[in-house]
file structure.cif (mmCIF, C-alpha atoms)
data_final
loop_
_atom_site.label_atom_id
_atom_site.label_comp_id
_atom_site.auth_asym_id
_atom_site.auth_seq_id
_atom_site.Cartn_x
_atom_site.Cartn_y
_atom_site.Cartn_z
CA MET A 1 11.61 32.27 27.48
CA ASN A 2 13.67 35.33 28.32
CA ASP A 3 12.01 38.44 27.08
CA LEU A 4 14.64 41.16 27.33
CA HIS A 5 12.27 43.93 26.35
CA ALA A 6 9.52 42.99 28.71
CA ASP A 7 10.47 45.32 31.51
CA GLY A 8 12.47 47.87 29.57
CA LYS A 9 15.73 46.88 31.28
CA ASP A 10 17.45 46.21 28.01
CA GLU A 11 17.33 49.85 26.97
CA GLY A 12 20.53 51.74 27.53
CA ALA A 13 22.55 48.61 27.95
CA ARG A 14 25.89 50.42 27.46
CA GLY A 15 25.73 52.31 30.72
CA ARG A 16 24.38 49.37 32.60
CA ALA A 17 26.27 47.34 35.15
CA PRO A 18 27.41 43.91 33.95
CA GLU A 19 24.87 41.14 34.30
CA PRO A 20 25.30 38.72 37.17
CA LEU A 21 26.85 35.38 36.29
CA THR A 22 23.91 33.49 37.67
CA PRO A 23 21.36 33.27 34.89
CA LYS A 24 17.86 34.37 35.48
CA PRO A 25 15.49 31.47 35.98
CA LEU A 26 13.83 30.55 32.71
CA THR A 27 10.09 30.65 32.44
CA PRO A 28 9.06 26.99 32.59
CA GLU A 29 7.68 25.44 29.44
CA PRO A 30 3.97 24.79 29.67
CA LEU A 31 3.48 21.28 30.98
CA THR A 32 1.53 18.73 29.06
CA PRO A 33 -2.00 18.86 30.40
CA GLU A 34 -3.09 15.96 32.51
CA PRO A 35 -5.18 13.29 30.84
CA LEU A 36 -8.91 13.64 30.88
CA PRO A 37 -10.81 11.81 33.60
CA HIS A 38 -10.80 8.16 32.77
CA ALA A 39 -14.57 7.92 33.06
CA TRP A 40 -14.93 10.43 30.25
CA LEU A 41 -12.68 8.71 27.80
CA PRO A 42 -13.95 6.43 25.06
CA GLU A 43 -13.89 2.72 25.76
CA ALA A 44 -10.48 1.18 25.24
CA ARG A 45 -10.06 -1.89 23.06
CA ALA A 46 -10.22 -5.21 24.85
CA PRO A 47 -6.82 -6.14 26.32
CA GLU A 48 -4.38 -8.40 24.53
CA GLY A 49 -5.31 -12.05 24.93
CA HIS A 50 -9.02 -11.36 25.29
CA PRO A 51 -11.14 -13.96 23.49
CA VAL A 52 -12.60 -11.26 21.25
CA TRP A 53 -9.21 -10.91 19.57
CA GLN A 54 -9.07 -14.64 18.88
CA LEU A 55 -12.39 -14.32 17.16
CA ARG A 56 -11.33 -11.29 15.15
CA VAL A 57 -8.06 -12.86 14.12
CA ALA A 58 -10.01 -15.91 12.96
CA CYS A 59 -12.30 -13.66 10.92
CA VAL A 60 -9.37 -11.93 9.25
CA MET A 61 -7.63 -15.22 8.50
CA SER A 62 -10.81 -16.68 7.10
CA ALA A 63 -11.24 -13.68 4.81
CA ALA A 64 -7.59 -13.84 3.79
CA GLY A 65 -7.79 -17.56 3.01
CA PRO A 66 -8.38 -17.36 -0.76
CA ALA A 67 -5.52 -14.90 -1.20
CA LEU A 68 -3.19 -17.19 0.72
CA ALA A 69 -4.12 -20.45 -1.03
CA PRO A 70 -1.11 -21.98 -2.77
CA PRO A 71 -1.24 -21.47 -6.51
CA PRO A 72 -2.49 -24.47 -8.49
CA TRP A 73 0.10 -26.73 -10.11
CA TRP A 74 -0.81 -25.62 -13.61
CA SER A 75 -0.29 -22.03 -12.62
CA GLU A 76 3.16 -22.84 -11.26
CA MET A 77 3.99 -24.80 -14.39
CA GLY A 78 2.60 -22.00 -16.45
CA ARG A 79 5.51 -19.76 -15.54
CA TRP A 80 7.89 -21.97 -17.54
CA TRP A 81 5.33 -23.46 -19.86
CA LYS A 82 4.57 -20.07 -21.32
CA VAL A 83 8.17 -19.54 -22.27
CA SER A 84 8.61 -22.95 -23.86
CA ALA A 85 5.26 -22.74 -25.61
CA GLY A 86 6.22 -19.39 -27.01
CA LEU A 87 9.46 -20.79 -28.36
CA ALA A 88 7.67 -23.81 -29.84
CA ALA A 89 5.09 -21.60 -31.52
CA ALA A 90 7.80 -19.39 -32.92
CA SER A 91 9.71 -22.35 -34.35
CA LEU A 92 6.55 -23.82 -35.89
CA LEU A 93 5.69 -20.51 -37.48
CA LEU A 94 9.17 -20.22 -38.82
CA PHE A 95 9.06 -23.75 -40.27
CA PHE A 96 5.68 -23.44 -41.92
CA GLY A 97 6.30 -19.89 -42.94
CA ILE A 98 9.29 -20.98 -44.97
CA SER A 99 7.76 -24.09 -46.49
CA ASP A 100 4.48 -22.34 -47.39
CA ARG A 101 6.17 -19.37 -49.00
CA PRO A 102 4.91 -18.87 -52.56
CA PRO A 103 7.41 -19.79 -55.29
CA ALA A 104 9.79 -17.07 -56.24
CA ASP A 105 9.26 -15.01 -59.35
CA GLY A 106 10.68 -16.84 -62.35
CA ALA A 107 7.99 -19.52 -62.32
CA GLY A 108 9.63 -21.94 -59.97
CA VAL A 109 13.02 -21.81 -61.61
CA ALA A 110 15.75 -22.06 -59.04
CA GLY A 111 18.19 -19.17 -59.01
CA ASP A 112 21.17 -21.27 -60.16
CA GLU A 113 19.20 -22.82 -63.01
CA PHE A 114 17.96 -19.40 -64.13
CA ALA A 115 21.47 -17.98 -64.26
CA LEU A 116 22.80 -21.02 -66.09
CA GLY A 117 19.96 -20.75 -68.61
CA MET A 118 20.87 -17.13 -69.26
CA VAL A 119 24.43 -18.10 -69.98
CA VAL A 120 23.42 -20.93 -72.28
CA ALA A 121 20.89 -18.79 -74.19
CA GLU A 122 23.47 -16.04 -74.66
CA GLY A 123 20.90 -13.26 -74.23
CA ASP A 124 18.35 -14.82 -76.60
CA ALA A 125 15.06 -14.66 -74.70
CA ALA A 126 13.22 -17.14 -76.90
CA ALA A 127 16.07 -19.63 -76.61
CA PHE A 128 16.13 -19.17 -72.90
CA TRP A 129 12.43 -19.94 -72.46
CA GLY A 130 12.67 -22.76 -74.92
CA ALA A 131 15.47 -24.33 -72.91
CA LEU A 132 13.14 -24.26 -69.94
CA GLY A 133 10.41 -26.01 -71.99
CA VAL A 134 8.32 -22.92 -72.70
CA PRO A 135 7.63 -22.40 -76.36
CA ALA A 136 7.52 -18.69 -77.18
CA ASN A 137 7.93 -16.38 -80.14
CA PRO A 138 10.87 -13.94 -79.92
CA VAL A 139 8.78 -10.80 -79.18
CA LEU A 140 6.66 -12.38 -76.43
CA ALA A 141 9.70 -14.11 -75.03
CA LEU A 142 11.49 -10.75 -74.79
CA LEU A 143 8.47 -9.10 -73.12
CA THR A 144 8.06 -11.85 -70.58
CA PHE A 145 11.76 -11.91 -70.01
CA GLU A 146 11.52 -8.30 -68.93
CA ASN A 147 8.41 -9.10 -66.87
CA PRO A 148 8.87 -12.67 -65.62
CA GLY A 149 5.74 -12.61 -63.39
CA ALA A 150 3.55 -12.69 -66.52
CA MET A 151 4.89 -16.07 -67.65
CA PRO A 152 3.05 -19.31 -66.82
CA ALA A 153 4.79 -21.97 -64.78
CA PRO A 154 7.13 -24.03 -66.89
CA THR A 155 5.94 -27.44 -67.95
CA ALA A 156 7.96 -30.51 -68.72
CA PRO A 157 9.82 -30.30 -72.01
CA GLU A 158 7.94 -31.90 -74.85
CA GLY A 159 10.82 -33.55 -76.60
CA GLN A 160 12.13 -30.33 -78.06
CA GLY A 161 15.80 -29.90 -78.17
CA GLU A 162 17.69 -26.90 -76.98
CA GLY A 163 17.02 -23.81 -79.03
CA GLY A 164 14.08 -25.48 -80.78
CA VAL A 165 12.08 -22.29 -80.85
CA ARG A 166 14.70 -20.21 -82.39
CA MET B 1 20.59 -6.76 -2.04
CA ASP B 2 19.35 -10.26 -1.66
CA GLY B 3 21.75 -10.68 1.19
CA GLU B 4 20.13 -7.78 3.00
CA ARG B 5 16.73 -9.21 2.33
CA ASP B 6 17.77 -12.59 3.64
CA ALA B 7 19.21 -11.01 6.72
CA ALA B 8 15.94 -9.22 7.31
CA ALA B 9 14.07 -12.42 6.71
CA GLU B 10 15.96 -14.29 9.37
CA SER B 11 16.09 -11.51 11.96
CA THR B 12 14.36 -12.09 15.22
CA ASP B 13 13.17 -9.86 17.99
CA GLU B 14 15.81 -9.74 20.64
CA GLY B 15 14.83 -11.33 23.89
CA THR B 16 11.71 -13.14 22.76
CA GLY B 17 13.31 -15.04 19.91
CA ALA B 18 10.16 -14.45 17.88
CA LEU B 19 10.58 -13.65 14.22
CA SER B 20 10.62 -9.97 13.38
CA ASP B 21 7.74 -8.42 11.47
CA GLU B 22 9.85 -8.15 8.36
CA ALA B 23 10.85 -11.81 8.56
CA LEU B 24 7.20 -12.80 8.85
CA VAL B 25 6.30 -10.64 5.88
CA ARG B 26 9.06 -12.29 3.87
CA ARG B 27 7.58 -15.70 4.64
CA VAL B 28 4.17 -14.55 3.53
CA GLN B 29 5.66 -13.11 0.36
CA ASP B 30 7.75 -16.15 -0.51
CA GLU B 31 5.74 -19.10 0.71
CA GLY B 32 2.24 -17.76 1.34
CA ASP B 33 2.88 -18.83 4.93
CA ARG B 34 -0.44 -18.76 6.72
CA ASP B 35 1.05 -18.98 10.21
CA ALA B 36 3.32 -16.03 9.52
CA LEU B 37 0.36 -13.93 8.42
CA GLU B 38 -1.60 -14.97 11.48
CA GLN B 39 1.24 -13.86 13.73
CA LEU B 40 1.30 -10.48 12.02
CA VAL B 41 -2.46 -10.13 12.42
CA ARG B 42 -2.20 -11.04 16.10
CA ARG B 43 0.52 -8.47 16.64
CA TYR B 44 -1.20 -5.60 14.92
CA LEU B 45 -4.94 -6.18 14.99
CA ARG B 46 -5.46 -4.32 18.25
CA ALA B 47 -3.39 -1.34 17.14
CA VAL B 48 -5.07 -1.27 13.74
CA HIS B 49 -8.42 -1.35 15.53
CA ALA B 50 -7.42 1.63 17.63
CA VAL B 51 -6.21 3.62 14.62
CA VAL B 52 -9.36 2.87 12.67
CA ALA B 53 -11.52 3.69 15.70
CA SER B 54 -9.94 7.09 15.98
CA ILE B 55 -10.97 7.93 12.43
CA LEU B 56 -14.32 6.20 12.09
CA PRO B 57 -17.05 7.41 14.41
CA ASP B 58 -19.27 4.43 13.65
CA PRO B 59 -18.24 1.53 15.92
CA GLU B 60 -19.91 -1.01 13.65
CA ALA B 61 -17.63 -0.10 10.79
CA ILE B 62 -14.44 -0.60 12.76
CA ASP B 63 -14.28 -4.39 12.49
CA ASP B 64 -14.81 -4.24 8.74
CA ALA B 65 -12.18 -1.57 8.29
CA ALA B 66 -9.64 -3.45 10.40
CA GLN B 67 -10.24 -6.60 8.39
CA GLU B 68 -9.99 -4.72 5.12
CA THR B 69 -6.70 -3.24 6.29
CA PHE B 70 -5.13 -6.69 6.55
CA LEU B 71 -6.62 -7.87 3.29
CA ARG B 72 -5.21 -4.83 1.51
CA ALA B 73 -1.86 -5.34 3.18
CA LEU B 74 -1.86 -8.95 2.04
CA ALA B 75 -2.72 -7.93 -1.50
CA ALA B 76 0.07 -5.34 -1.51
CA MET B 77 2.64 -7.50 0.25
CA GLY B 78 4.37 -8.23 -3.03
CA GLN B 79 5.44 -4.59 -3.22
CA TYR B 80 6.41 -4.28 0.44
CA ASP B 81 10.13 -3.69 0.99
CA THR B 82 11.20 -5.80 3.97
CA ARG B 83 14.05 -3.40 4.74
CA ARG B 84 11.45 -0.90 5.91
CA PRO B 85 9.58 -1.20 9.21
CA PHE B 86 6.27 -2.96 8.95
CA ALA B 87 4.36 -1.02 11.64
CA PRO B 88 4.17 2.36 9.86
CA TRP B 89 3.27 0.56 6.64
CA ILE B 90 0.24 -1.20 8.12
CA TYR B 91 -0.62 2.00 10.02
CA GLN B 92 -0.74 3.94 6.78
CA ILE B 93 -2.95 1.30 5.16
CA ALA B 94 -5.29 1.40 8.17
CA ARG B 95 -5.55 5.17 7.91
CA ASN B 96 -6.32 5.05 4.22
CA VAL B 97 -8.94 2.34 4.63
CA ALA B 98 -10.61 4.23 7.47
CA ARG B 99 -10.58 7.49 5.55
CA ASN B 100 -12.16 5.84 2.55
CA GLN B 101 -14.85 4.27 4.70
CA LEU B 102 -15.49 7.59 6.39
CA ALA B 103 -15.87 9.26 3.01
CA ARG B 104 -18.36 6.60 1.99
CA GLN B 105 -20.30 6.97 5.24
CA THR B 106 -20.49 10.74 5.03
CA ARG B 107 -21.67 10.43 1.46
CA TRP B 108 -24.62 8.37 2.64
CA LYS B 109 -25.24 10.20 5.89
CA ALA B 110 -25.29 13.86 5.01
CA GLU B 111 -26.59 14.99 8.41
CA PRO B 112 -23.92 16.83 10.37
CA LEU B 113 -23.12 15.95 13.92
CA GLU B 114 -24.62 18.41 16.33
CA ALA B 115 -23.16 19.20 19.67
CA GLY B 116 -25.59 18.36 22.41
CA PRO B 117 -26.20 20.73 25.27
CA PRO B 118 -23.95 20.38 28.28
CA VAL B 119 -25.55 17.86 30.56
CA SER B 120 -24.07 18.71 33.87
CA ARG B 121 -21.49 20.86 35.52
CA ASP B 122 -20.69 18.19 38.02
CA PRO B 123 -17.00 17.38 37.49
CA ALA B 124 -17.46 13.76 38.50
CA PRO B 125 -20.82 12.59 37.31
CA ASP B 126 -21.70 9.29 38.87
CA ASP B 127 -24.80 8.75 36.89
CA ALA B 128 -24.10 6.23 34.10
CA ALA B 129 -26.35 7.96 31.59
CA GLU B 130 -24.69 11.28 32.11
CA ARG B 131 -21.29 9.72 31.86
CA ALA B 132 -22.30 8.13 28.60
CA ARG B 133 -23.41 11.48 27.28
CA ILE B 134 -20.16 13.10 28.27
CA ARG B 135 -18.28 10.29 26.58
CA ALA B 136 -20.30 10.90 23.45
CA ARG B 137 -19.34 14.54 23.65
CA VAL B 138 -15.69 13.65 24.09
CA GLU B 139 -15.91 11.40 21.04
CA GLU B 140 -17.46 14.25 19.15
CA GLU B 141 -14.74 16.67 20.16
CA LEU B 142 -12.14 14.07 19.29
CA GLN B 143 -13.49 13.96 15.75
CA ARG B 144 -12.81 17.69 15.47
CA LEU B 145 -9.13 17.29 16.28
CA PRO B 146 -6.59 16.94 13.50
CA GLU B 147 -6.16 13.28 12.60
CA GLN B 148 -2.63 12.78 13.93
CA ARG B 149 -3.51 14.34 17.28
CA ARG B 150 -6.63 12.26 17.51
CA ILE B 151 -4.72 9.06 16.78
CA ALA B 152 -1.97 9.90 19.26
CA PHE B 153 -4.57 10.67 21.91
CA ARG B 154 -6.41 7.44 21.22
CA LEU B 155 -3.30 5.28 21.26
CA VAL B 156 -1.75 6.75 24.39
CA ASP B 157 -4.54 8.08 26.59
CA VAL B 158 -7.26 5.64 25.66
CA GLU B 159 -5.42 2.45 24.71
CA GLY B 160 -2.58 2.91 27.16
CA MET B 161 0.36 2.71 24.74
CA THR B 162 3.56 4.51 25.59
CA ALA B 163 4.66 7.42 23.42
CA GLY B 164 7.43 5.18 22.07
CA GLU B 165 5.04 2.41 21.07
CA ALA B 166 2.66 4.85 19.45
CA GLY B 167 5.54 6.54 17.64
CA ARG B 168 6.81 3.22 16.30
CA LEU B 169 3.38 2.47 14.91
CA MET B 170 2.84 5.94 13.50
CA GLY B 171 6.32 6.17 12.09
CA VAL B 172 7.20 9.28 14.11
CA SER B 173 9.40 9.99 17.11
CA PRO B 174 8.09 9.70 20.68
CA GLY B 175 8.58 13.45 21.00
CA THR B 176 6.23 14.05 18.11
CA VAL B 177 3.67 11.79 19.75
CA ARG B 178 3.99 13.73 22.99
CA SER B 179 3.53 16.97 21.08
CA HIS B 180 0.36 15.67 19.43
CA LEU B 181 -0.82 14.49 22.81
CA HIS B 182 -0.14 17.85 24.40
CA HIS B 183 -2.21 19.69 21.84
CA ALA B 184 -4.99 17.11 21.86
CA ARG B 185 -5.39 17.24 25.63
CA ARG B 186 -5.30 21.02 25.70
CA GLU B 187 -7.88 21.36 22.95
CA LEU B 188 -10.14 18.77 24.51
CA ARG B 189 -9.93 20.44 27.88
CA GLN B 190 -10.83 23.77 26.34
CA ALA B 191 -13.74 22.26 24.48
CA LEU B 192 -15.01 20.42 27.52
CA ALA B 193 -14.47 23.18 30.03
CA GLU B 194 -18.20 23.66 30.29
CA TYR B 195 -18.48 20.28 32.00
CA GLY B 196 -16.62 21.43 35.05
CA ASN B 197 -13.30 22.50 36.28
CA LEU B 198 -11.12 19.77 34.86
CA THR B 199 -8.05 21.44 36.24
CA ALA B 200 -9.37 21.29 39.74
CA GLU B 201 -10.49 17.73 39.34
CA THR B 202 -7.36 16.27 37.86
CA GLY B 203 -4.86 18.57 39.44
CA GLY B 204 -3.44 19.56 36.07
#
call {"tool": "encode", "arguments": {"input": "structure.cif", "output": "structure tokens"}}
result
Amino acid sequence: MNDLHADGKDEGARGRAPEPLTPKPLTPEPLTPEPLPHAWLPEARAPEGHPVWQLRVACVMSAAGPALAPPPWWSEMGRWWKVSAGLAAASLLLFFGISDRPPADGAGVAGDEFALGMVVAEGDAAAFWGALGVPANPVLALLTFENPGAMPAPTAPEGQGEGGVR
Amino acid sequence: MDGERDAAAESTDEGTGALSDEALVRRVQDEGDRDALEQLVRRYLRAVHAVVASILPDPEAIDDAAQETFLRALAAMGQYDTRRPFAPWIYQIARNVARNQLARQTRWKAEPLEAGPPVSRDPAPDDAAERARIRARVEEELQRLPEQRRIAFRLVDVEGMTAGEAGRLMGVSPGTVRSHLHHARRELRQALAEYGNLTAETGG
């Protein structure tokens, strides 16, 4: 490297004669040291193609064997089987979930039938329950009408006509 | 992206017609191709051995570490991106495996290495025992070098790789390898100066 201050020549540069066009020779970069004597170096690996490498490759391949084994057929099928099994399970749950659902409040009376009964009974709770085959006095009928969960399931009508309880 | 991956999978080394590393990896990834893995092991086992040997002082542990390197690579091959060069990837795994083994060894063997006394000032000892002792000393000094310098020294000066080959494996430029080599040789020469005038002997 050029060290302009090394010999003090750079001081007072204004009054100095112009520098020659030929550049000063650069200090050479330090060369890479020579290798150590071969006899001192650690042993090199056996050269390519030496039987020891065949043996070592065989060892590695033997150890890698289980990881390389092709996956069993059930594992391959499992990729898709899991999806279809999941769908099947979901559909079964849906089916049984709906069919096993407890009867709706209103003691098993279908929504349409309930509404029709209300219309027919014209707001009379006892008449309404009577039409559904449930004998009831007017007070209890009114209470259970306001709290339908407390009523027992309706039974078959026992030959009573409409509005028989009234 | 798949197109790029396919292109990598089908690429071959120019001249030899052999499948590229990345193409072989792709076969292992996709088909569990045993032959492809074996080719990769054949290509890199010697280099992996050299890398591991430059980190592990115990020669008996080197085979195990080299084998473990390939097993780990195989286990991680699912995550390997075939658009990246394979050599630095396996090199990094080898380094990690060797470091881990070294940590385990030093945990069990707490005794520090001690530098033996200089055996001779003869620059060219012809006695085999003395030479062996100097080699042991060189190994010891090598272990004191920073890891990258040590590996570069091992790959180039000991194993005879070119700076380009070593750089490809280490994932650095040949210039960087030469720089590591420069420092490694200089530091080793300084450390081993007591064994004789290396400069005079080698003309360096």
call {"tool": "resolve_selection", "arguments": {"input": "structure.cif", "expression": "the PyMOL selection byres ((chain B) within 6 of (chain A))", "output": "PyMOL selection string"}}
result
chain B and resi 32+67+135+158-159+182+204
call {"tool": "residues_around", "arguments": {"input": "structure.cif", "residues": "Thr69 of chain B", "least_positions_apart": "6", "cutoff": "10 Å", "atoms": "only C-alpha atoms", "output": "PyMOL selection string"}}
result
(chain A and resi 60) or (chain B and resi 45+48-49+52+63+75+90-98)
call {"tool": "atom_distance", "arguments": {"input": "structure.cif", "atom1": "atom CA of Glu140 of chain B", "atom2": "atom CA of Val156 of chain B"}}
result
18.2 Å
call {"tool": "atom_distance", "arguments": {"input": "structure.cif", "atom1": "atom CA of Gly164 of chain B", "atom2": "atom CA of Gln148 of chain B"}}
result
15.0 Å
call {"tool": "resolve_selection", "arguments": {"input": "structure.cif", "expression": "the PyMOL selection byres ((chain B and resi 151) around 8)", "output": "VMD selection string"}}
result
chain B and resid 50 to 51 54 to 55 147 to 150 152 to 155
call {"tool": "write_last_selection", "arguments": {"input": "structure.cif", "atoms": "C-alpha atoms", "output": "tab-separated table (two decimals), in the frame of the given file"}}
result
chain	number	residue	atom	x	y	z
B	50	ALA	CA	-7.42	1.63	17.63
B	51	VAL	CA	-6.21	3.62	14.62
B	54	SER	CA	-9.94	7.09	15.98
B	55	ILE	CA	-10.97	7.93	12.43
B	147	GLU	CA	-6.16	13.28	12.60
B	148	GLN	CA	-2.63	12.78	13.93
B	149	ARG	CA	-3.51	14.34	17.28
B	150	ARG	CA	-6.63	12.26	17.51
B	152	ALA	CA	-1.97	9.90	19.26
B	153	PHE	CA	-4.57	10.67	21.91
B	154	ARG	CA	-6.41	7.44	21.22
B	155	LEU	CA	-3.30	5.28	21.26
call {"tool": "resolve_selection", "arguments": {"input": "structure.cif", "expression": "the PyMOL selection byres ((chain B and resi 40) around 12)", "output": "ChimeraX atom specification"}}
result
/A:57,60-61 /B:18-28,33-39,41-48,70,73-74,86-87,90
call {"tool": "atom_distance", "arguments": {"input": "structure.cif", "atom1": "atom CA of Ala65 of chain B", "atom2": "atom CA of Trp89 of chain B"}}
result
15.7 Å
call {"tool": "closest_residue", "arguments": {"input": "structure.cif", "among": "B:Ala53, B:Gln29, B:Thr162, B:Asp58", "to": "Thr82 of chain B", "atoms": "only C-alpha atoms"}}
result
B:Gln29
call {"tool": "build_atoms", "arguments": {"input": "structure.cif", "residues": "segment 28-36 of chain B", "atoms": "all heavy atoms", "output": "PDB file, in the frame of the given file"}}
result
ATOM      1  N   VAL B  28       5.471 -14.657   4.223  1.00  0.00           N
ATOM      2  CA  VAL B  28       4.170 -14.550   3.530  1.00  0.00           C
ATOM      3  C   VAL B  28       4.412 -14.301   2.043  1.00  0.00           C
ATOM      4  O   VAL B  28       3.758 -14.900   1.186  1.00  0.00           O
ATOM      5  CB  VAL B  28       3.312 -13.425   4.152  1.00  0.00           C
ATOM      6  CG1 VAL B  28       2.017 -13.258   3.386  1.00  0.00           C
ATOM      7  CG2 VAL B  28       3.021 -13.722   5.606  1.00  0.00           C
ATOM      8  N   GLN B  29       5.369 -13.438   1.761  1.00  0.00           N
ATOM      9  CA  GLN B  29       5.660 -13.110   0.360  1.00  0.00           C
ATOM     10  C   GLN B  29       6.149 -14.344  -0.402  1.00  0.00           C
ATOM     11  O   GLN B  29       5.708 -14.619  -1.510  1.00  0.00           O
ATOM     12  CB  GLN B  29       6.773 -12.056   0.291  1.00  0.00           C
ATOM     13  CG  GLN B  29       6.337 -10.660   0.616  1.00  0.00           C
ATOM     14  CD  GLN B  29       7.510  -9.687   0.625  1.00  0.00           C
ATOM     15  OE1 GLN B  29       8.652 -10.091   0.817  1.00  0.00           O
ATOM     16  NE2 GLN B  29       7.236  -8.418   0.435  1.00  0.00           N
ATOM     17  N   ASP B  30       7.084 -15.077   0.211  1.00  0.00           N
ATOM     18  CA  ASP B  30       7.750 -16.150  -0.510  1.00  0.00           C
ATOM     19  C   ASP B  30       6.951 -17.443  -0.556  1.00  0.00           C
ATOM     20  O   ASP B  30       6.921 -18.140  -1.560  1.00  0.00           O
ATOM     21  CB  ASP B  30       9.118 -16.442   0.129  1.00  0.00           C
ATOM     22  CG  ASP B  30      10.080 -15.300  -0.126  1.00  0.00           C
ATOM     23  OD1 ASP B  30       9.740 -14.417  -0.931  1.00  0.00           O
ATOM     24  OD2 ASP B  30      11.168 -15.287   0.480  1.00  0.00           O
ATOM     25  N   GLU B  31       6.345 -17.768   0.594  1.00  0.00           N
ATOM     26  CA  GLU B  31       5.740 -19.100   0.710  1.00  0.00           C
ATOM     27  C   GLU B  31       4.232 -19.046   0.910  1.00  0.00           C
ATOM     28  O   GLU B  31       3.608 -20.093   1.029  1.00  0.00           O
ATOM     29  CB  GLU B  31       6.363 -19.853   1.897  1.00  0.00           C
ATOM     30  CG  GLU B  31       7.877 -19.949   1.814  1.00  0.00           C
ATOM     31  CD  GLU B  31       8.500 -20.164   3.198  1.00  0.00           C
ATOM     32  OE1 GLU B  31       7.838 -20.779   4.045  1.00  0.00           O
ATOM     33  OE2 GLU B  31       9.630 -19.707   3.406  1.00  0.00           O
ATOM     34  N   GLY B  32       3.677 -17.845   1.012  1.00  0.00           N
ATOM     35  CA  GLY B  32       2.240 -17.760   1.340  1.00  0.00           C
ATOM     36  C   GLY B  32       1.979 -18.383   2.700  1.00  0.00           C
ATOM     37  O   GLY B  32       0.946 -19.020   2.911  1.00  0.00           O
ATOM     38  N   ASP B  33       2.939 -18.188   3.611  1.00  0.00           N
ATOM     39  CA  ASP B  33       2.880 -18.830   4.930  1.00  0.00           C
ATOM     40  C   ASP B  33       1.713 -18.288   5.752  1.00  0.00           C
ATOM     41  O   ASP B  33       1.696 -17.123   6.167  1.00  0.00           O
ATOM     42  CB  ASP B  33       4.213 -18.575   5.661  1.00  0.00           C
ATOM     43  CG  ASP B  33       4.337 -19.404   6.920  1.00  0.00           C
ATOM     44  OD1 ASP B  33       3.294 -19.767   7.502  1.00  0.00           O
ATOM     45  OD2 ASP B  33       5.483 -19.698   7.319  1.00  0.00           O
ATOM     46  N   ARG B  34       0.770 -19.160   6.005  1.00  0.00           N
ATOM     47  CA  ARG B  34      -0.440 -18.760   6.720  1.00  0.00           C
ATOM     48  C   ARG B  34      -0.141 -18.422   8.183  1.00  0.00           C
ATOM     49  O   ARG B  34      -0.693 -17.463   8.735  1.00  0.00           O
ATOM     50  CB  ARG B  34      -1.434 -19.935   6.630  1.00  0.00           C
ATOM     51  CG  ARG B  34      -2.815 -19.604   7.066  1.00  0.00           C
ATOM     52  CD  ARG B  34      -3.728 -20.815   6.973  1.00  0.00           C
ATOM     53  NE  ARG B  34      -4.978 -20.500   7.625  1.00  0.00           N
ATOM     54  CZ  ARG B  34      -5.961 -19.824   7.058  1.00  0.00           C
ATOM     55  NH1 ARG B  34      -5.844 -19.427   5.822  1.00  0.00           N
ATOM     56  NH2 ARG B  34      -7.070 -19.561   7.718  1.00  0.00           N
ATOM     57  N   ASP B  35       0.727 -19.223   8.793  1.00  0.00           N
ATOM     58  CA  ASP B  35       1.050 -18.980  10.210  1.00  0.00           C
ATOM     59  C   ASP B  35       1.748 -17.635  10.385  1.00  0.00           C
ATOM     60  O   ASP B  35       1.519 -16.935  11.375  1.00  0.00           O
ATOM     61  CB  ASP B  35       1.941 -20.099  10.746  1.00  0.00           C
ATOM     62  CG  ASP B  35       1.179 -21.401  10.844  1.00  0.00           C
ATOM     63  OD1 ASP B  35      -0.063 -21.341  10.875  1.00  0.00           O
ATOM     64  OD2 ASP B  35       1.809 -22.467  10.871  1.00  0.00           O
ATOM     65  N   ALA B  36       2.611 -17.312   9.428  1.00  0.00           N
ATOM     66  CA  ALA B  36       3.320 -16.030   9.520  1.00  0.00           C
ATOM     67  C   ALA B  36       2.320 -14.873   9.440  1.00  0.00           C
ATOM     68  O   ALA B  36       2.418 -13.904  10.191  1.00  0.00           O
ATOM     69  CB  ALA B  36       4.346 -15.924   8.389  1.00  0.00           C
TER      70      ALA B  36
END
